[in-house]
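Note: the block below is entry.cif and it holds mmCIF, C-alpha atoms and all ligand atoms.
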data_structure
#
loop_
_atom_site.label_atom_id
_atom_site.label_comp_id
_atom_site.auth_asym_id
_atom_site.auth_seq_id
_atom_site.Cartn_x
_atom_site.Cartn_y
_atom_site.Cartn_z
CA MET A 1 254.08 -21.92 129.33
CA PRO A 2 250.72 -23.05 127.99
CA SER A 3 249.38 -20.80 125.25
CA GLU A 4 246.21 -18.78 125.77
CA ALA A 5 244.35 -21.09 123.40
CA GLU A 6 244.92 -23.94 125.83
CA THR A 7 243.80 -22.03 128.90
CA GLU A 8 240.79 -20.15 127.53
CA VAL A 9 237.60 -21.62 126.14
CA SER A 10 234.69 -19.63 124.78
CA VAL A 11 231.35 -21.41 124.48
CA PRO A 12 228.47 -19.79 122.56
CA VAL A 13 225.29 -20.46 124.51
CA GLY A 14 221.87 -20.58 122.87
CA SER A 15 220.40 -23.98 123.68
CA ASP A 16 220.20 -26.69 126.32
CA ALA A 17 222.92 -28.62 124.45
CA ASP A 18 225.23 -25.59 124.76
CA ILE A 19 224.64 -25.50 128.53
CA ILE A 20 225.92 -29.08 128.72
CA ILE A 21 228.95 -28.19 126.59
CA ALA A 22 229.78 -25.19 128.80
CA ARG A 23 229.43 -27.39 131.88
CA GLN A 24 231.71 -30.10 130.43
CA GLN A 25 234.32 -27.63 129.16
CA GLY A 26 234.36 -25.92 132.55
CA ARG A 27 234.77 -29.17 134.38
CA ALA A 28 237.64 -30.18 132.09
CA LEU A 29 239.40 -26.84 132.50
CA ALA A 30 238.92 -26.94 136.29
CA GLU A 31 240.50 -30.39 136.34
CA LYS A 32 243.45 -29.04 134.31
CA ALA A 33 243.76 -26.17 136.80
CA GLY A 34 244.07 -28.71 139.62
CA PHE A 35 240.57 -28.97 141.06
CA SER A 36 239.39 -32.40 142.05
CA GLY A 37 236.54 -34.29 143.65
CA SER A 38 233.43 -32.36 144.62
CA ASP A 39 235.03 -29.02 143.63
CA LEU A 40 234.68 -30.10 139.99
CA THR A 41 230.95 -30.53 140.51
CA LEU A 42 230.68 -27.15 142.23
CA VAL A 43 232.42 -25.41 139.32
CA ALA A 44 230.27 -27.27 136.77
CA THR A 45 227.09 -26.42 138.66
CA ALA A 46 227.91 -22.69 138.86
CA ILE A 47 228.57 -22.72 135.10
CA SER A 48 225.28 -24.54 134.37
CA GLU A 49 223.27 -22.00 136.34
CA VAL A 50 224.65 -18.91 134.60
CA ALA A 51 224.50 -20.62 131.19
CA ARG A 52 220.89 -21.67 131.86
CA ASN A 53 220.04 -18.09 132.79
CA ILE A 54 221.37 -16.99 129.41
CA VAL A 55 219.13 -19.48 127.57
CA GLU A 56 216.06 -18.85 129.74
CA HIS A 57 216.25 -15.09 130.23
CA ALA A 58 218.37 -13.73 127.36
CA ARG A 59 218.11 -16.47 124.69
CA ARG A 60 221.75 -16.34 123.67
CA GLY A 61 225.15 -15.27 124.90
CA GLU A 62 228.49 -16.81 125.74
CA VAL A 63 230.43 -18.37 128.56
CA VAL A 64 234.18 -17.75 128.65
CA LEU A 65 236.25 -20.08 130.81
CA ARG A 66 239.85 -19.31 131.76
CA MET A 67 242.53 -20.77 133.89
CA ILE A 68 243.84 -17.94 136.07
CA HIS A 69 246.81 -17.17 138.31
CA GLN A 70 247.32 -14.51 140.95
CA GLY A 71 250.62 -14.71 142.77
CA ASP A 72 250.88 -18.38 143.68
CA LYS A 73 247.09 -18.84 143.61
CA ARG A 74 245.58 -20.80 140.76
CA GLY A 75 241.99 -21.04 139.78
CA ILE A 76 239.30 -20.72 137.18
CA SER A 77 237.41 -17.70 135.91
CA ILE A 78 233.93 -18.02 134.46
CA VAL A 79 232.39 -15.09 132.59
CA ALA A 80 228.82 -15.40 131.32
CA ARG A 81 227.66 -12.52 129.15
CA ASP A 82 224.64 -11.70 127.09
CA GLU A 83 222.97 -8.77 125.40
CA GLY A 84 219.53 -9.78 126.62
CA PRO A 85 216.96 -7.70 128.53
CA GLY A 86 219.15 -7.12 131.59
CA ILE A 87 218.06 -7.22 135.23
CA ASP A 88 216.07 -4.34 136.67
CA ASP A 89 216.51 -5.08 140.39
CA ILE A 90 219.79 -6.90 141.01
CA SER A 91 219.40 -7.27 144.78
CA LEU A 92 215.97 -8.86 144.23
CA ALA A 93 217.41 -11.20 141.57
CA MET A 94 220.11 -12.29 144.06
CA GLN A 95 217.53 -13.30 146.69
CA ASP A 96 216.86 -16.98 147.29
CA GLY A 97 213.50 -17.85 145.79
CA TYR A 98 213.02 -14.82 143.51
CA SER A 99 212.22 -15.69 139.90
CA SER A 100 210.62 -13.45 137.29
CA GLY A 101 209.53 -16.64 135.54
CA LYS A 102 208.62 -20.06 136.81
CA GLY A 103 212.06 -21.03 138.10
CA LEU A 104 212.88 -21.75 141.72
CA GLY A 105 214.91 -18.55 141.89
CA LEU A 106 217.95 -20.36 143.19
CA GLY A 107 220.31 -20.08 140.21
CA LEU A 108 222.08 -16.78 140.88
CA PRO A 109 222.24 -16.98 144.71
CA GLY A 110 223.26 -20.64 144.41
CA ALA A 111 226.07 -19.89 141.93
CA ARG A 112 227.21 -17.02 144.15
CA ARG A 113 227.64 -19.40 147.09
CA LEU A 114 229.62 -21.92 145.03
CA VAL A 115 232.45 -19.54 144.06
CA ASP A 116 234.98 -17.33 145.85
CA GLU A 117 234.40 -14.15 143.84
CA PHE A 118 231.13 -13.18 142.20
CA GLU A 119 230.33 -10.02 140.25
CA LEU A 120 227.04 -9.29 138.54
CA GLU A 121 226.79 -6.34 136.19
CA SER A 122 223.52 -5.74 134.41
CA SER A 123 221.65 -2.90 132.69
CA VAL A 124 218.12 -3.03 131.37
CA GLY A 125 218.17 -3.04 127.58
CA VAL A 126 221.93 -3.62 127.47
CA GLY A 127 222.58 -7.05 128.94
CA THR A 128 224.06 -9.00 131.79
CA THR A 129 227.56 -10.12 132.70
CA VAL A 130 228.33 -12.50 135.54
CA ARG A 131 232.00 -12.90 136.51
CA MET A 132 232.95 -15.68 138.88
CA LYS A 133 236.29 -16.92 140.17
CA LYS A 134 237.06 -20.01 142.10
CA TRP A 135 240.52 -20.49 143.59
CA LEU A 136 242.14 -23.75 144.47
CA ASN A 137 242.18 -24.36 148.24
CA SER A 138 240.35 -21.14 149.03
CA HIS A 139 237.66 -20.47 151.61
CA ARG A 140 236.96 -16.77 151.31
CA SER A 141 234.06 -15.33 149.40
CA VAL A 142 233.44 -11.84 148.02
CA ALA A 143 230.52 -10.47 145.97
CA LYS A 144 229.99 -7.21 144.06
CA TYR A 145 226.92 -5.99 142.23
CA ARG A 146 226.59 -3.07 139.81
N1 LIG B 1 221.08 -13.39 132.04
C1 LIG B 1 219.97 -12.84 132.54
N2 LIG B 1 219.28 -11.92 131.81
C2 LIG B 1 218.15 -11.36 132.30
N3 LIG B 1 217.62 -11.64 133.50
C3 LIG B 1 218.25 -12.56 134.25
C4 LIG B 1 219.44 -13.21 133.81
N4 LIG B 1 219.85 -14.06 134.79
C5 LIG B 1 218.96 -13.94 135.76
N5 LIG B 1 217.99 -13.05 135.46
C6 LIG B 1 216.86 -12.61 136.32
O1 LIG B 1 217.17 -12.90 137.66
C7 LIG B 1 216.16 -13.77 138.21
C8 LIG B 1 216.81 -14.72 139.21
O2 LIG B 1 217.70 -15.62 138.53
P1 LIG B 1 217.91 -17.08 139.14
O3 LIG B 1 218.82 -17.82 138.26
O4 LIG B 1 218.28 -16.93 140.57
O5 LIG B 1 216.43 -17.70 139.11
P2 LIG B 1 215.62 -18.32 137.88
O6 LIG B 1 216.49 -18.42 136.68
O7 LIG B 1 214.37 -17.52 137.72
O8 LIG B 1 215.23 -19.73 138.44
P3 LIG B 1 216.22 -21.01 138.63
O9 LIG B 1 217.60 -20.58 138.24
O10 LIG B 1 216.12 -21.38 140.08
O11 LIG B 1 215.65 -22.04 137.72
C9 LIG B 1 215.52 -14.44 137.02
O12 LIG B 1 214.20 -14.88 137.30
C10 LIG B 1 215.55 -13.33 135.98
O13 LIG B 1 214.51 -12.41 136.19
MG MG B 2 218.33 -19.34 136.81
#
I need this file expressed as structure tokens, please.
Amino acid sequence: MPSEAETEVSVPVGSDADIIIARQQGRALAEKAGFSGSDLTLVATAISEVARNIVEHARRGEVVLRMIHQGDKRGISIVARDEGPGIDDISLAMQDGYSSGKGLGLGLPGARRLVDEFELESSVGVGTTVRMKKWLNSHRSVAKYR
């Protein structure tokens, strides 16, 4: 059995360089979990988007990457959390093309489409947590917002 230290990576995120580290660590862990080919790019892209949102909208936070198992399913879990300003209108933030700044507004809805499970929890003044899971050889997709 691999130890938890081998299957969990926590990346503090506060700069563009950290976004690249989170992306690389996620890609490496996904490869270890058995993902290959374009799936590695999809995982890395979802991680970049939520990490970039931390830097752009909350300044700092962390991305926790884990290898996960459920029954005989294997996959990767990505949790991005910050104690930034939070999101006032979550359904608006999830719309393609909505940005409170000068972004394209494609980060959150794009990430949501790249993974199998997507949860966004956010409170104004408290912070934001995005939880994503991607399973090996999976095609279903579920999203929850609170
Ligand atoms: N971690 C966060 N903290 C606070 N607000 C956030 C956070 N992540 C996203 N948001 C809000 O949700 C909106 C939509 O996010 P999304 O990533 O889709 O677009 P964007 O970051 O504005 O632009 P893009 O990602 O296309 O460059 C943001 O404009 C911002 O208002
Ligand atoms: Mg974004």
(message) Using all atoms listed in the file, can you tell me which of A:Asp18, A:Asp96, A:Glu117, A:Glu31 comes closest to Glu62 in chain A?
(response)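 Once distances to Glu62 in chain A are computed over all atoms listed in the file, the minimum belongs to A:Asp18.
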(request) Write out as a list in words each polymer residue whose atoms come within 9 Å of Pro109 in chain A, counting all atoms listed in the file; drop sequence neighbours fewer than 3 positions from it. (result)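 Everything that qualifies: Ala93, Met94, Gln95, Asp96, Gly97, Gly105, Leu106, Arg112, Arg113 and Leu114 of chain A.
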List every residue of chain A that has an atom at most 10 Å from any atom of ligand MG 2 (chain B), giving for each one its closest atom pair and the distance in Å to one decimal, counting only C-alpha atoms and all ligand atoms, sorted by chain and then by ascending residue number, as a tab-separated table.
residue	atom	partner	partner_atom	distance
A:Ser48	CA	B:MG2	MG	9.0
A:Glu49	CA	B:MG2	MG	5.6
A:Val50	CA	B:MG2	MG	6.7
A:Ala51	CA	B:MG2	MG	8.4
A:Arg52	CA	B:MG2	MG	6.0
A:Asn53	CA	B:MG2	MG	4.5
A:Ile54	CA	B:MG2	MG	8.3
A:Val55	CA	B:MG2	MG	9.3
A:Glu56	CA	B:MG2	MG	7.4
A:His57	CA	B:MG2	MG	8.1
A:Ala93	CA	B:MG2	MG	9.5
A:Tyr98	CA	B:MG2	MG	9.7
A:Ser99	CA	B:MG2	MG	7.8
A:Ser100	CA	B:MG2	MG	9.7
A:Gly101	CA	B:MG2	MG	9.3
A:Lys102	CA	B:MG2	MG	9.7
A:Gly103	CA	B:MG2	MG	6.6
A:Leu104	CA	B:MG2	MG	7.7
A:Gly105	CA	B:MG2	MG	6.2
A:Leu106	CA	B:MG2	MG	6.5
A:Gly107	CA	B:MG2	MG	4.0
A:Leu108	CA	B:MG2	MG	6.1
A:Pro109	CA	B:MG2	MG	9.1
A:Gly110	CA	B:MG2	MG	9.2
A:Ala111	CA	B:MG2	MG	9.3
(message) When you look at Ser141 in chain A with a cut-off of 12 Å (counting all atoms listed in the file), what residues show up, excluding the ones that are within fewer than 2 positions of it in the same chain? I need them as a PyMOL selection string.
(response) chain A and resi 111-119+132-135+138-139+143-144
(request) Tell me which protein, DNA and RNA residues are within 8 Å of Ala44 in chain A, counting only C-alpha atoms, leaving out same-chain ones fewer than 4 positions away, and put them as a list of chain:residue names. (result)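 Those residues are A:Arg23, A:Gln24, A:Gly26, A:Arg27, A:Leu40, A:Ser48.
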(request) Rank nothing, just name the residue among A:Arg66, A:Arg146, A:Lys32, A:Arg60 nearest to Glu83 in chain A, using only C-alpha atoms. (result)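 Closest to Glu83 in chain A, using only C-alpha atoms: A:Arg60.
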(request) Between atom O10 of ligand LIG 1 (chain B) and CA of Ile76 in chain A, measure the distance and give it in Å to one decimal. (result) 23.4 Å
For ligand LIG 1 (chain B), I'd like the enclosing box, axis-aligned and padded by 4 Å on every side, reported as JSON with centre and edge lengths in Å to one decimal.
{"center_x": 217.6, "center_y": -16.7, "center_z": 136.2, "size_x": 14.9, "size_y": 18.7, "size_z": 16.8}
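You will find CA of Ile21 in chain A at 27.0 Å from CA of Ser123 in chain A.
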Export of range 44-72 of chain A: N, CA and C atoms, as a PDB file, in the first residue's frame:
ATOM      1  N   ALA A  44      -4.673  18.582 -15.981  1.00  0.00           N
ATOM      2  CA  ALA A  44      -3.763  19.714 -15.751  1.00  0.00           C
ATOM      3  C   ALA A  44      -4.465  21.039 -16.037  1.00  0.00           C
ATOM      4  N   THR A  45      -5.308  21.067 -17.047  1.00  0.00           N
ATOM      5  CA  THR A  45      -6.011  22.301 -17.395  1.00  0.00           C
ATOM      6  C   THR A  45      -7.036  22.672 -16.328  1.00  0.00           C
ATOM      7  N   ALA A  46      -7.776  21.681 -15.823  1.00  0.00           N
ATOM      8  CA  ALA A  46      -8.752  21.952 -14.754  1.00  0.00           C
ATOM      9  C   ALA A  46      -8.036  22.510 -13.525  1.00  0.00           C
ATOM     10  N   ILE A  47      -6.879  21.938 -13.203  1.00  0.00           N
ATOM     11  CA  ILE A  47      -6.095  22.414 -12.054  1.00  0.00           C
ATOM     12  C   ILE A  47      -5.623  23.849 -12.289  1.00  0.00           C
ATOM     13  N   SER A  48      -5.094  24.137 -13.481  1.00  0.00           N
ATOM     14  CA  SER A  48      -4.630  25.503 -13.781  1.00  0.00           C
ATOM     15  C   SER A  48      -5.738  26.521 -13.583  1.00  0.00           C
ATOM     16  N   GLU A  49      -6.937  26.192 -14.048  1.00  0.00           N
ATOM     17  CA  GLU A  49      -8.029  27.175 -13.977  1.00  0.00           C
ATOM     18  C   GLU A  49      -8.404  27.506 -12.539  1.00  0.00           C
ATOM     19  N   VAL A  50      -8.527  26.477 -11.684  1.00  0.00           N
ATOM     20  CA  VAL A  50      -8.924  26.780 -10.301  1.00  0.00           C
ATOM     21  C   VAL A  50      -7.774  27.427  -9.529  1.00  0.00           C
ATOM     22  N   ALA A  51      -6.538  27.055  -9.869  1.00  0.00           N
ATOM     23  CA  ALA A  51      -5.374  27.684  -9.224  1.00  0.00           C
ATOM     24  C   ALA A  51      -5.269  29.141  -9.675  1.00  0.00           C
ATOM     25  N   ARG A  52      -5.512  29.401 -10.949  1.00  0.00           N
ATOM     26  CA  ARG A  52      -5.455  30.767 -11.464  1.00  0.00           C
ATOM     27  C   ARG A  52      -6.544  31.629 -10.825  1.00  0.00           C
ATOM     28  N   ASN A  53      -7.716  31.027 -10.595  1.00  0.00           N
ATOM     29  CA  ASN A  53      -8.768  31.782  -9.912  1.00  0.00           C
ATOM     30  C   ASN A  53      -8.347  32.167  -8.503  1.00  0.00           C
ATOM     31  N   ILE A  54      -7.607  31.286  -7.831  1.00  0.00           N
ATOM     32  CA  ILE A  54      -7.114  31.643  -6.499  1.00  0.00           C
ATOM     33  C   ILE A  54      -6.225  32.878  -6.602  1.00  0.00           C
ATOM     34  N   VAL A  55      -5.252  32.851  -7.507  1.00  0.00           N
ATOM     35  CA  VAL A  55      -4.301  33.966  -7.626  1.00  0.00           C
ATOM     36  C   VAL A  55      -5.023  35.256  -8.052  1.00  0.00           C
ATOM     37  N   GLU A  56      -5.932  35.131  -9.029  1.00  0.00           N
ATOM     38  CA  GLU A  56      -6.569  36.335  -9.575  1.00  0.00           C
ATOM     39  C   GLU A  56      -7.669  36.898  -8.687  1.00  0.00           C
ATOM     40  N   HIS A  57      -8.413  36.025  -8.011  1.00  0.00           N
ATOM     41  CA  HIS A  57      -9.599  36.518  -7.294  1.00  0.00           C
ATOM     42  C   HIS A  57      -9.453  36.450  -5.779  1.00  0.00           C
ATOM     43  N   ALA A  58      -8.514  35.657  -5.271  1.00  0.00           N
ATOM     44  CA  ALA A  58      -8.393  35.515  -3.814  1.00  0.00           C
ATOM     45  C   ALA A  58      -6.958  35.737  -3.320  1.00  0.00           C
ATOM     46  N   ARG A  59      -6.052  35.957  -4.227  1.00  0.00           N
ATOM     47  CA  ARG A  59      -4.614  36.174  -3.957  1.00  0.00           C
ATOM     48  C   ARG A  59      -3.865  34.909  -3.543  1.00  0.00           C
ATOM     49  N   ARG A  60      -4.350  34.240  -2.504  1.00  0.00           N
ATOM     50  CA  ARG A  60      -3.625  33.027  -2.091  1.00  0.00           C
ATOM     51  C   ARG A  60      -4.598  31.949  -1.614  1.00  0.00           C
ATOM     52  N   GLY A  61      -4.073  30.725  -1.620  1.00  0.00           N
ATOM     53  CA  GLY A  61      -4.876  29.592  -1.175  1.00  0.00           C
ATOM     54  C   GLY A  61      -4.053  28.335  -1.376  1.00  0.00           C
ATOM     55  N   GLU A  62      -4.736  27.205  -1.532  1.00  0.00           N
ATOM     56  CA  GLU A  62      -3.975  25.975  -1.782  1.00  0.00           C
ATOM     57  C   GLU A  62      -4.747  25.041  -2.690  1.00  0.00           C
ATOM     58  N   VAL A  63      -3.984  24.183  -3.335  1.00  0.00           N
ATOM     59  CA  VAL A  63      -4.571  23.114  -4.154  1.00  0.00           C
ATOM     60  C   VAL A  63      -4.080  21.794  -3.587  1.00  0.00           C
ATOM     61  N   VAL A  64      -5.027  20.932  -3.215  1.00  0.00           N
ATOM     62  CA  VAL A  64      -4.675  19.620  -2.672  1.00  0.00           C
ATOM     63  C   VAL A  64      -5.051  18.557  -3.697  1.00  0.00           C
ATOM     64  N   LEU A  65      -4.075  17.748  -4.052  1.00  0.00           N
ATOM     65  CA  LEU A  65      -4.246  16.718  -5.080  1.00  0.00           C
ATOM     66  C   LEU A  65      -4.132  15.350  -4.428  1.00  0.00           C
ATOM     67  N   ARG A  66      -5.086  14.483  -4.723  1.00  0.00           N
ATOM     68  CA  ARG A  66      -5.068  13.141  -4.118  1.00  0.00           C
ATOM     69  C   ARG A  66      -5.405  12.086  -5.148  1.00  0.00           C
ATOM     70  N   MET A  67      -4.773  10.955  -4.981  1.00  0.00           N
ATOM     71  CA  MET A  67      -5.180   9.784  -5.733  1.00  0.00           C
ATOM     72  C   MET A  67      -6.332   9.163  -4.955  1.00  0.00           C
ATOM     73  N   ILE A  68      -7.413   8.807  -5.618  1.00  0.00           N
ATOM     74  CA  ILE A  68      -8.573   8.287  -4.892  1.00  0.00           C
ATOM     75  C   ILE A  68      -9.062   6.953  -5.469  1.00  0.00           C
ATOM     76  N   HIS A  69      -9.778   6.228  -4.605  1.00  0.00           N
ATOM     77  CA  HIS A  69     -10.342   4.928  -4.984  1.00  0.00           C
ATOM     78  C   HIS A  69     -11.775   4.889  -4.504  1.00  0.00           C
ATOM     79  N   GLN A  70     -12.651   4.272  -5.257  1.00  0.00           N
ATOM     80  CA  GLN A  70     -14.018   4.039  -4.794  1.00  0.00           C
ATOM     81  C   GLN A  70     -14.449   2.724  -5.428  1.00  0.00           C
ATOM     82  N   GLY A  71     -14.550   1.680  -4.592  1.00  0.00           N
ATOM     83  CA  GLY A  71     -14.760   0.352  -5.159  1.00  0.00           C
ATOM     84  C   GLY A  71     -13.577   0.024  -6.050  1.00  0.00           C
ATOM     85  N   ASP A  72     -13.838  -0.358  -7.297  1.00  0.00           N
ATOM     86  CA  ASP A  72     -12.701  -0.640  -8.182  1.00  0.00           C
ATOM     87  C   ASP A  72     -12.384   0.553  -9.098  1.00  0.00           C
TER      88      ASP A  72
END
